[in-house]
>>> print(open('start-v9.txt').read())   # compact mmCIF, C-alpha atoms
# COMPACT_ATOMS: atom_id res chain seq x y z
CA MET Q 705 30.55 -32.90 -4.00
CA THR Q 706 33.38 -34.22 -6.11
CA ASP Q 707 37.07 -34.10 -5.39
CA HIS Q 708 38.62 -30.86 -6.51
CA ASP Q 709 42.31 -31.76 -6.53
CA ALA Q 710 44.46 -29.44 -8.57
CA THR Q 711 41.68 -26.99 -9.28
CA THR Q 712 40.92 -23.51 -8.05
CA LEU Q 713 38.04 -22.16 -6.01
CA HIS Q 714 37.12 -18.64 -7.09
CA ILE Q 715 35.42 -16.63 -4.35
CA LEU Q 716 33.47 -13.77 -5.86
CA ASN Q 717 31.75 -11.01 -3.87
CA LYS Q 718 31.17 -8.37 -6.56
CA HIS Q 719 27.73 -7.52 -7.96
CA PRO Q 720 27.07 -8.79 -11.50
CA ASP Q 721 27.63 -5.42 -13.22
CA HIS Q 722 30.98 -4.87 -11.50
CA THR Q 723 33.85 -5.22 -13.97
CA ARG Q 724 35.56 -7.75 -11.71
CA PHE Q 725 32.57 -10.07 -11.95
CA ARG Q 726 33.23 -10.58 -15.64
CA ALA Q 727 36.99 -10.75 -15.02
CA CYS Q 728 36.43 -13.60 -12.59
CA LEU Q 729 34.31 -15.62 -15.02
CA ASP Q 730 36.88 -15.02 -17.77
CA ALA Q 731 39.67 -16.32 -15.54
CA MET Q 732 38.03 -19.64 -14.74
CA ALA Q 733 39.66 -22.78 -16.09
CA PRO Q 734 37.74 -25.97 -16.83
CA GLY Q 735 37.17 -27.83 -13.57
CA ASP Q 736 37.43 -24.71 -11.40
CA ALA Q 737 34.64 -23.98 -8.94
CA LEU Q 738 32.91 -20.71 -8.15
CA LEU Q 739 31.62 -19.58 -4.76
CA LEU Q 740 29.26 -16.61 -4.85
CA ILE Q 741 29.07 -14.48 -1.71
CA GLU Q 742 27.63 -11.04 -0.81
CA ASN Q 743 26.29 -9.19 -3.86
CA ALA Q 744 27.63 -11.80 -6.29
CA VAL Q 745 24.66 -14.03 -5.35
CA LEU Q 746 22.46 -11.67 -7.41
CA ALA Q 747 23.83 -13.55 -10.41
CA LEU Q 748 21.52 -16.42 -9.44
CA ALA Q 749 18.60 -14.24 -10.50
CA ASP Q 750 19.99 -13.43 -13.95
CA VAL Q 751 19.82 -16.57 -16.09
CA ALA Q 752 21.78 -14.86 -18.86
CA ILE Q 753 24.96 -14.91 -16.77
CA PRO Q 754 26.93 -18.04 -17.71
CA LEU Q 755 27.84 -19.63 -14.37
CA PRO Q 756 30.22 -22.60 -14.36
CA GLU Q 757 28.91 -26.07 -13.77
CA VAL Q 758 30.30 -26.20 -10.22
CA THR Q 759 28.88 -23.12 -8.53
CA TYR Q 760 28.06 -22.62 -4.86
CA ALA Q 761 26.42 -19.71 -3.07
CA LEU Q 762 26.48 -18.58 0.54
CA GLN Q 763 23.04 -19.21 1.98
CA ALA Q 764 22.89 -16.21 4.34
CA ASP Q 765 23.54 -13.82 1.46
CA CYS Q 766 20.84 -15.54 -0.61
CA GLU Q 767 18.33 -15.35 2.25
CA ALA Q 768 18.95 -11.64 2.80
CA ARG Q 769 18.22 -10.92 -0.86
CA GLY Q 770 15.16 -13.14 -1.22
CA LEU Q 771 17.07 -15.68 -3.31
CA SER Q 772 16.77 -18.65 -0.99
CA ALA Q 773 13.11 -19.62 -1.14
CA HIS Q 774 12.32 -18.74 -4.77
CA ARG Q 775 15.43 -19.06 -6.86
CA PRO Q 776 15.47 -18.73 -10.59
CA ARG Q 777 18.23 -21.32 -10.85
CA GLU Q 778 19.55 -24.09 -8.67
CA VAL Q 779 23.00 -24.04 -7.17
CA GLU Q 780 24.11 -25.59 -3.91
CA GLN Q 781 23.73 -23.14 -1.02
CA LEU Q 782 26.24 -23.42 1.83
CA ASP Q 783 26.16 -22.17 5.41
CA TYR Q 784 29.28 -20.64 6.94
CA ILE Q 785 30.60 -24.01 8.13
CA GLY Q 786 29.97 -25.52 4.71
CA MET Q 787 31.89 -22.64 3.17
CA THR Q 788 34.86 -23.30 5.42
CA HIS Q 789 34.84 -26.99 4.52
CA LEU Q 790 34.65 -26.12 0.85
CA THR Q 791 37.66 -23.83 0.98
CA ASP Q 792 39.61 -26.59 2.76
CA ARG Q 793 39.15 -28.89 -0.19
CA PHE Q 794 40.83 -26.73 -2.78
CA PRO Q 795 44.58 -26.39 -3.10
CA ARG Q 796 44.16 -22.88 -4.49
CA LEU Q 797 41.81 -19.98 -3.75
CA ILE Q 798 41.33 -16.71 -5.58
CA SER Q 799 39.27 -13.97 -3.97
CA TRP Q 800 37.83 -11.51 -6.46
CA MET J 1039 15.30 -10.11 33.99
CA SER J 1040 17.86 -7.30 34.07
CA PHE J 1041 17.10 -4.06 32.28
CA PRO J 1042 17.88 -4.34 28.54
CA GLU J 1043 21.03 -2.74 27.23
CA ARG J 1044 20.78 0.89 26.08
CA ASN J 1045 22.97 3.35 24.21
CA ASN J 1046 24.33 6.64 25.56
CA GLU J 1047 21.08 8.44 24.68
CA GLY J 1048 18.88 5.90 26.43
CA PHE J 1049 17.64 4.02 23.33
CA LEU J 1050 17.42 0.22 23.54
CA GLU J 1051 20.18 -1.60 21.66
CA ASP J 1052 17.69 -4.31 20.68
CA ALA J 1053 14.07 -3.36 20.01
CA TRP J 1054 12.95 -6.93 20.71
CA GLN J 1055 14.10 -6.71 24.35
CA TRP J 1056 11.25 -4.27 25.02
CA ASP J 1057 8.15 -4.84 27.11
CA GLU J 1058 5.59 -2.54 28.73
CA SER J 1059 7.38 -2.38 32.06
CA VAL J 1060 10.57 -1.26 30.26
CA ALA J 1061 8.47 1.46 28.61
CA ALA J 1062 7.10 2.63 31.94
CA ASP J 1063 10.61 2.80 33.43
CA ILE J 1064 12.05 4.78 30.52
CA ALA J 1065 9.05 7.14 30.57
CA ALA J 1066 9.48 7.71 34.29
CA GLU J 1067 13.04 8.95 33.69
CA SER J 1068 11.49 11.82 31.70
CA GLY J 1069 8.81 12.36 34.32
CA ILE J 1070 6.11 10.87 32.07
CA SER J 1071 3.40 8.69 33.58
CA LEU J 1072 1.97 6.62 30.73
CA ASN J 1073 -1.79 6.77 30.10
CA GLN J 1074 -4.06 5.36 27.36
CA ASP J 1075 -3.12 8.14 24.93
CA HIS J 1076 0.58 7.39 25.33
CA TRP J 1077 0.03 3.66 24.88
CA GLU J 1078 -1.91 4.21 21.68
CA ILE J 1079 1.09 5.98 20.14
CA ILE J 1080 3.62 3.54 21.62
CA HIS J 1081 1.81 0.55 20.11
CA LEU J 1082 1.47 2.38 16.81
CA LEU J 1083 5.25 2.82 16.79
CA ARG J 1084 5.83 -0.82 17.72
CA ASP J 1085 3.58 -1.94 14.86
CA PHE J 1086 5.33 0.46 12.51
CA TYR J 1087 8.70 -1.00 13.48
CA LYS J 1088 7.51 -4.57 13.05
CA GLN J 1089 6.33 -3.76 9.55
CA HIS J 1090 9.09 -1.46 8.35
CA GLU J 1091 12.13 -2.32 10.52
CA MET J 1092 12.82 1.35 11.10
CA SER J 1093 11.76 4.25 13.28
CA PRO J 1094 10.09 7.19 11.57
CA PRO J 1095 13.32 8.97 10.55
CA SER J 1096 12.35 12.48 11.64
CA ASN J 1097 9.83 14.33 13.75
CA ARG J 1098 7.87 15.44 10.71
CA LEU J 1099 7.61 11.87 9.46
CA PHE J 1100 6.58 10.67 12.92
CA VAL J 1101 3.71 13.17 12.86
CA LYS J 1102 2.89 12.11 9.31
CA ALA J 1103 2.75 8.42 10.24
CA VAL J 1104 0.43 9.12 13.17
CA LYS J 1105 -1.78 11.29 10.96
CA GLU J 1106 -1.91 8.57 8.34
CA ILE J 1107 -2.99 5.94 10.87
CA LEU J 1108 -5.01 7.83 13.49
CA GLY J 1109 -6.09 10.95 11.62
CA GLU J 1110 -5.52 14.69 12.06
CA ASP J 1111 -6.78 14.91 15.66
CA LYS J 1112 -3.77 12.97 16.87
CA GLY J 1113 -1.44 13.33 13.91
CA ASN J 1114 -0.35 16.86 14.75
CA SER J 1115 2.74 18.12 16.50
CA ILE J 1116 0.94 19.91 19.35
CA TYR J 1117 -0.87 16.76 20.45
CA LEU J 1118 2.28 14.65 20.22
CA MET J 1119 4.42 17.31 21.93
CA GLN J 1120 2.02 17.29 24.89
CA LEU J 1121 2.29 13.52 25.21
CA PHE J 1122 6.01 13.25 24.51
CA PRO J 1123 7.80 16.49 25.48
CA GLY J 1124 11.10 17.48 23.93
CA THR J 1125 11.43 16.11 20.41
CA PRO J 1126 8.30 13.93 20.28
CA ALA J 1127 9.77 11.39 17.82
CA LYS J 1128 12.85 10.87 19.98
CA THR J 1129 10.97 10.72 23.27
CA ALA J 1130 8.29 8.37 21.90
CA CYS J 1131 10.77 6.06 20.12
CA ARG J 1132 12.92 5.87 23.25
CA ILE J 1133 9.91 4.82 25.34
CA ALA J 1134 8.68 2.41 22.63
CA GLY J 1135 12.09 0.71 22.56
CA LEU J 1136 12.80 1.69 18.95
CA PRO J 1137 16.12 2.90 17.51
CA ARG J 1138 16.88 6.61 17.57
CA PRO J 1139 15.18 8.40 14.63
CA THR J 1140 18.07 8.94 12.24
CA ASN J 1141 17.39 12.53 11.24
CA CYS J 1142 16.49 14.06 14.61
CA LEU J 1143 19.09 16.37 16.10
CA MET G 407 6.80 18.72 -16.85
CA SER G 408 5.69 18.15 -13.26
CA ALA G 409 7.35 19.63 -10.17
CA THR G 410 8.22 16.14 -8.97
CA GLN G 411 11.80 15.22 -8.18
CA LEU G 412 12.91 11.75 -9.19
CA ILE G 413 15.33 9.84 -6.96
CA VAL G 414 17.05 6.96 -8.77
CA ILE G 415 18.33 3.83 -7.02
CA ASP G 416 20.56 1.70 -9.26
CA THR G 417 22.64 -0.11 -6.65
CA PRO G 418 21.91 -3.50 -5.04
CA PRO G 419 19.92 -3.47 -1.79
CA TYR G 420 22.70 -4.72 0.52
CA GLY G 421 26.44 -4.13 0.69
CA ASP G 422 26.20 -0.60 -0.69
CA TRP G 423 25.00 2.45 1.24
CA ARG G 424 24.04 4.60 -1.73
CA GLY G 425 20.57 3.11 -2.07
CA ARG G 426 19.75 3.66 1.58
CA GLU G 427 20.98 7.22 1.38
CA ALA G 428 18.88 7.83 -1.71
CA LEU G 429 15.80 6.43 0.05
CA ASP G 430 16.55 8.64 3.04
CA MET G 431 16.71 11.63 0.70
CA ALA G 432 13.33 10.72 -0.79
CA LEU G 433 11.79 10.43 2.67
CA SER G 434 13.27 13.78 3.70
CA LEU G 435 11.72 15.47 0.67
CA ALA G 436 8.41 13.80 1.46
CA ALA G 437 8.66 15.04 5.06
CA PHE G 438 8.53 18.59 3.71
CA ASP G 439 5.66 17.69 1.37
CA ARG G 440 7.82 18.06 -1.71
CA PRO G 441 6.55 15.87 -4.56
CA VAL G 442 9.00 13.01 -4.97
CA ALA G 443 9.13 9.74 -6.91
CA LEU G 444 11.51 6.78 -6.81
CA LEU G 445 12.92 4.84 -9.76
CA PHE G 446 14.65 1.47 -9.34
CA ARG G 447 16.90 0.87 -12.31
CA GLY G 448 19.50 -1.76 -13.25
CA GLU G 449 20.66 -3.79 -10.26
CA GLY G 450 18.52 -1.53 -8.08
CA VAL G 451 15.43 -3.58 -8.99
CA ASN G 452 16.68 -6.20 -6.56
CA TRP G 453 15.30 -3.90 -3.83
CA LEU G 454 11.86 -5.04 -4.99
CA ARG G 455 12.34 -8.79 -4.74
CA PRO G 456 9.86 -10.52 -2.39
CA GLY G 457 11.04 -12.68 0.49
CA GLN G 458 14.09 -10.68 1.62
CA GLU G 459 15.38 -11.37 5.13
CA GLY G 460 18.10 -8.90 6.04
CA SER G 461 18.50 -10.45 9.48
CA ALA G 462 20.38 -13.34 7.81
CA ILE G 463 23.29 -10.92 7.42
CA SER G 464 22.46 -8.79 10.50
CA GLN G 465 20.93 -5.98 8.48
CA LYS G 466 17.53 -4.33 8.23
CA THR G 467 15.38 -5.62 5.39
CA VAL G 468 15.40 -2.78 2.88
CA SER G 469 12.17 -3.81 1.15
CA ARG G 470 10.39 -3.28 4.49
CA ASN G 471 12.02 0.13 4.91
CA LEU G 472 10.82 0.97 1.44
CA GLY G 473 7.29 -0.03 2.42
CA ALA G 474 7.16 3.08 4.64
CA ALA G 475 7.81 5.38 1.69
CA ARG G 476 4.21 5.53 0.54
CA MET G 477 2.91 6.28 4.00
CA PHE G 478 5.36 9.16 4.16
CA GLY G 479 4.10 10.59 0.90
CA VAL G 480 6.34 9.16 -1.83
CA ALA G 481 3.49 8.93 -4.28
CA GLU G 482 5.12 7.09 -7.15
CA VAL G 483 7.50 4.13 -7.21
CA TYR G 484 8.77 3.06 -10.63
CA ALA G 485 10.92 0.16 -11.78
CA ASP G 486 12.87 -0.35 -14.98
CA SER G 487 10.90 -3.05 -16.80
CA LEU G 488 13.90 -4.60 -18.59
CA ALA G 489 15.85 -4.86 -15.34
CA LEU G 490 12.85 -6.47 -13.61
CA GLU G 491 12.88 -9.08 -16.33
CA ARG G 492 16.66 -9.49 -16.30
CA PHE G 493 16.75 -10.20 -12.55
CA ALA G 494 13.48 -12.16 -12.55
CA VAL G 495 11.83 -9.89 -9.99
CA ASN G 496 8.17 -10.81 -9.94
CA GLY G 497 6.93 -8.53 -7.11
CA PRO G 498 4.84 -6.92 -6.06
CA ASP G 499 6.62 -6.45 -2.73
CA PRO G 500 6.40 -3.59 -2.44
CA GLU G 501 4.51 -2.47 -5.50
CA ALA G 502 6.18 -0.54 -8.25
CA GLU G 503 5.02 0.52 -11.68
CA ALA G 504 7.10 -0.99 -14.48
CA VAL G 505 8.34 1.68 -16.89
CA VAL G 506 10.87 2.18 -19.66
CA PRO G 507 13.19 4.90 -18.35
CA ASN G 508 13.77 6.79 -21.58
CA ALA G 509 14.09 10.49 -22.35
CA ALA G 510 10.34 10.97 -22.28
CA PHE G 511 10.16 9.36 -18.85
CA TYR G 512 12.93 11.48 -17.33
CA GLY G 513 11.57 14.55 -19.09
CA ASP G 514 8.52 14.49 -16.85
CA PHE G 515 10.52 15.35 -13.71
CA SER G 516 11.84 18.70 -12.57
CA GLN G 517 15.02 17.12 -11.26
CA VAL G 518 16.62 13.67 -11.41
CA VAL G 519 18.94 12.77 -8.53
CA GLN G 520 21.32 9.78 -8.66
CA LEU G 521 23.86 9.13 -5.93
>>> encode(input="start-v9.txt", output="structure tokens")
Amino acid sequence: MTDHDATTLHILNKHPDHTRFRACLDAMAPGDALLLIENAVLALADVAIPLPEVTYALQADCEARGLSAHRPREVEQLDYIGMTHLTDRFPRLISW
Amino acid sequence: MSFPERNNEGFLEDAWQWDESVAADIAAESGISLNQDHWEIIHLLRDFYKQHEMSPPSNRLFVKAVKEILGEDKGNSIYLMQLFPGTPAKTACRIAGLPRPTNCL
Amino acid sequence: MSATQLIVIDTPPYGDWRGREALDMALSLAAFDRPVALLFRGEGVNWLRPGQEGSAISQKTVSRNLGAARMFGVAEVYADSLALERFAVNGPDPEAEAVVPNAAFYGDFSQVVQL
């Protein structure tokens, strides 16, 4: 993982068809990172959704939905401790 | 091992804490002494739970599941009522260590 | 038109109770031997993805719950073919028949229920 000084981590828990899902993607600045949790991890299955270059997903939510073993696209999956460490590294968080 | 935790209606909190001696103890509370016929249904319910992660939701669906697996001779409410008095689905699920059927009163 | 009632599930499998309630409704109809079918549409097709493990988030695995539907008499399980493609669901677990849910499709049911 790279250093994320002066960027924002966007934590998104809405399913892909929720209006706030699109609002989150629209609000991302270059260099921002995205963390997908809960139903937002379904976006990993839909390759048409333009995810930012730095995207993480919570592993437990992927496992529950069958998106851990066979995943249509690769992003780094974090456990709960990894998620906590990630949030520590960003000066700014936005929960969607 | 202490007796597994149960809710206020006597159903196990965790279906995986069940074993046959637990079943015998719960059955005894209702005055039921388990025989081969009971065990056949109890193991059917355990298998059903392993596969589907749920109890048959109602008495009718309990009867239907038994009928589907063991045929009409055993998949009828009179037979199951004789083995598991009261509401057969509730009594049988309680003894088999499964969660309370959701749609049984 | 058949006498079959169609129950539609268009919500994701976890984090929303509507799908579970809709499945419960389908099973209740089946309990009374009423002809009933299920359609997974939109994000609901994620119910059909293989390899789910609800225990990772302390929940029951809905695809396994769904597996009981056929035994209980839900004869037909359909899935929106475009949504299957969109979410890269390559079943069959459990099996569903891919369909295009258009007017002709819905027209075959006596009632269409969506929660």
>>> interface_residues(input="start-v9.txt", of="chain J", to="chain G", cutoff="6 Å", atoms="all atoms listed in the file", output="ChimeraX atom specification")
/J:1090,1098-1099
>>> write_last_selection(input="start-v9.txt", atoms="C-alpha atoms", output="PDB file, keeping the file's coordinate frame")
ATOM      1  CA  HIS J1090       9.090  -1.460   8.350  1.00  0.00           C
ATOM      2  CA  ARG J1098       7.870  15.440  10.710  1.00  0.00           C
ATOM      3  CA  LEU J1099       7.610  11.870   9.460  1.00  0.00           C
TER       4      LEU J1099
END
>>> closest_residue(input="start-v9.txt", among="Q:Thr711, Q:Thr788, Q:Thr723, Q:Asn743", to="Pro418 (chain G)", atoms="all atoms listed in the file")
Q:Asn743
>>> closest_residue(input="start-v9.txt", among="G:Leu454, G:Gly448, G:Glu503, G:Tyr512", to="Ala489 (chain G)", atoms="all atoms listed in the file")
G:Gly448
>>> residues_around(input="start-v9.txt", residues="region 759-773 of chain Q", least_positions_apart="3", cutoff="9 Å", atoms="all atoms listed in the file", output="count of residues only")
39
>>> atom_distance(input="start-v9.txt", atom1="CA of Gly1135 (chain J)", atom2="CA of Ala1062 (chain J)")
10.8 Å
>>> atom_distance(input="start-v9.txt", atom1="CA of Cys1131 (chain J)", atom2="CA of Leu1083 (chain J)")
7.2 Å
>>> atom_distance(input="start-v9.txt", atom1="CA of Phe1041 (chain J)", atom2="CA of Asp1057 (chain J)")
10.4 Å
>>> closest_residue(input="start-v9.txt", among="Q:Ile785, Q:Ala747, Q:Met732, Q:Ala752", to="Asn717 (chain Q)", atoms="only C-alpha atoms")
Q:Ala747
>>> decode(input="start-v9.txt", residues="region 1078-1105 of chain J", atoms="N, CA and C atoms", output="JSON list (two decimals), in the first residue's frame")
[["chain", "number", "residue", "atom", "x", "y", "z"],
["J", 1078, "GLU", "N", -35.28, -41.43, 13.31],
["J", 1078, "GLU", "CA", -35.31, -41.26, 11.85],
["J", 1078, "GLU", "C", -35.70, -39.83, 11.47],
["J", 1079, "ILE", "N", -36.72, -39.31, 12.16],
["J", 1079, "ILE", "CA", -37.17, -37.94, 11.88],
["J", 1079, "ILE", "C", -36.15, -36.92, 12.38],
["J", 1080, "ILE", "N", -35.59, -37.17, 13.54],
["J", 1080, "ILE", "CA", -34.61, -36.23, 14.12],
["J", 1080, "ILE", "C", -33.40, -36.10, 13.18],
["J", 1081, "HIS", "N", -32.91, -37.22, 12.68],
["J", 1081, "HIS", "CA", -31.75, -37.15, 11.77],
["J", 1081, "HIS", "C", -32.13, -36.52, 10.43],
["J", 1082, "LEU", "N", -33.36, -36.75, 10.00],
["J", 1082, "LEU", "CA", -33.83, -36.08, 8.79],
["J", 1082, "LEU", "C", -33.79, -34.56, 8.99],
["J", 1083, "LEU", "N", -34.25, -34.11, 10.15],
["J", 1083, "LEU", "CA", -34.24, -32.67, 10.42],
["J", 1083, "LEU", "C", -32.81, -32.14, 10.53],
["J", 1084, "ARG", "N", -31.93, -32.89, 11.16],
["J", 1084, "ARG", "CA", -30.53, -32.45, 11.25],
["J", 1084, "ARG", "C", -29.92, -32.31, 9.85],
["J", 1085, "ASP", "N", -30.18, -33.29, 9.00],
["J", 1085, "ASP", "CA", -29.66, -33.23, 7.63],
["J", 1085, "ASP", "C", -30.25, -32.03, 6.88],
["J", 1086, "PHE", "N", -31.54, -31.83, 7.08],
["J", 1086, "PHE", "CA", -32.21, -30.71, 6.43],
["J", 1086, "PHE", "C", -31.55, -29.40, 6.85],
["J", 1087, "TYR", "N", -31.27, -29.28, 8.14],
["J", 1087, "TYR", "CA", -30.66, -28.04, 8.64],
["J", 1087, "TYR", "C", -29.25, -27.85, 8.10],
["J", 1088, "LYS", "N", -28.50, -28.95, 8.03],
["J", 1088, "LYS", "CA", -27.14, -28.84, 7.49],
["J", 1088, "LYS", "C", -27.17, -28.32, 6.05],
["J", 1089, "GLN", "N", -28.14, -28.81, 5.30],
["J", 1089, "GLN", "CA", -28.22, -28.43, 3.89],
["J", 1089, "GLN", "C", -28.81, -27.03, 3.70],
["J", 1090, "HIS", "N", -29.82, -26.70, 4.47],
["J", 1090, "HIS", "CA", -30.58, -25.48, 4.16],
["J", 1090, "HIS", "C", -30.45, -24.38, 5.21],
["J", 1091, "GLU", "N", -29.75, -24.64, 6.31],
["J", 1091, "GLU", "CA", -29.54, -23.64, 7.36],
["J", 1091, "GLU", "C", -30.84, -23.04, 7.87],
["J", 1092, "MET", "N", -31.89, -23.83, 7.86],
["J", 1092, "MET", "CA", -33.15, -23.36, 8.44],
["J", 1092, "MET", "C", -33.96, -24.56, 8.91],
["J", 1093, "SER", "N", -34.90, -24.30, 9.81],
["J", 1093, "SER", "CA", -35.88, -25.32, 10.16],
["J", 1093, "SER", "C", -37.01, -25.24, 9.15],
["J", 1094, "PRO", "N", -37.74, -26.34, 8.90],
["J", 1094, "PRO", "CA", -38.96, -26.17, 8.11],
["J", 1094, "PRO", "C", -39.80, -25.09, 8.79],
["J", 1095, "PRO", "N", -40.21, -24.03, 8.06],
["J", 1095, "PRO", "CA", -40.78, -22.86, 8.71],
["J", 1095, "PRO", "C", -42.14, -23.09, 9.36],
["J", 1096, "SER", "N", -42.87, -24.09, 8.95],
["J", 1096, "SER", "CA", -44.21, -24.30, 9.53],
["J", 1096, "SER", "C", -44.47, -25.79, 9.63],
["J", 1097, "ASN", "N", -45.57, -26.12, 10.32],
["J", 1097, "ASN", "CA", -45.91, -27.52, 10.47],
["J", 1097, "ASN", "C", -46.22, -28.18, 9.13],
["J", 1098, "ARG", "N", -46.93, -27.47, 8.30],
["J", 1098, "ARG", "CA", -47.26, -28.03, 6.98],
["J", 1098, "ARG", "C", -45.99, -28.33, 6.17],
["J", 1099, "LEU", "N", -45.02, -27.42, 6.25],
["J", 1099, "LEU", "CA", -43.80, -27.63, 5.48],
["J", 1099, "LEU", "C", -42.92, -28.71, 6.10],
["J", 1100, "PHE", "N", -43.03, -28.89, 7.41],
["J", 1100, "PHE", "CA", -42.35, -30.01, 8.07],
["J", 1100, "PHE", "C", -42.91, -31.33, 7.52],
["J", 1101, "VAL", "N", -44.24, -31.44, 7.49],
["J", 1101, "VAL", "CA", -44.87, -32.65, 6.96],
["J", 1101, "VAL", "C", -44.45, -32.86, 5.50],
["J", 1102, "LYS", "N", -44.44, -31.76, 4.76],
["J", 1102, "LYS", "CA", -44.08, -31.84, 3.34],
["J", 1102, "LYS", "C", -42.65, -32.33, 3.15],
["J", 1103, "ALA", "N", -41.73, -31.83, 3.96],
["J", 1103, "ALA", "CA", -40.33, -32.26, 3.85],
["J", 1103, "ALA", "C", -40.20, -33.75, 4.16],
["J", 1104, "VAL", "N", -40.90, -34.22, 5.19],
["J", 1104, "VAL", "CA", -40.83, -35.64, 5.55],
["J", 1104, "VAL", "C", -41.42, -36.49, 4.42],
["J", 1105, "LYS", "N", -42.53, -36.02, 3.86],
["J", 1105, "LYS", "CA", -43.17, -36.74, 2.76],
["J", 1105, "LYS", "C", -42.25, -36.83, 1.56]]
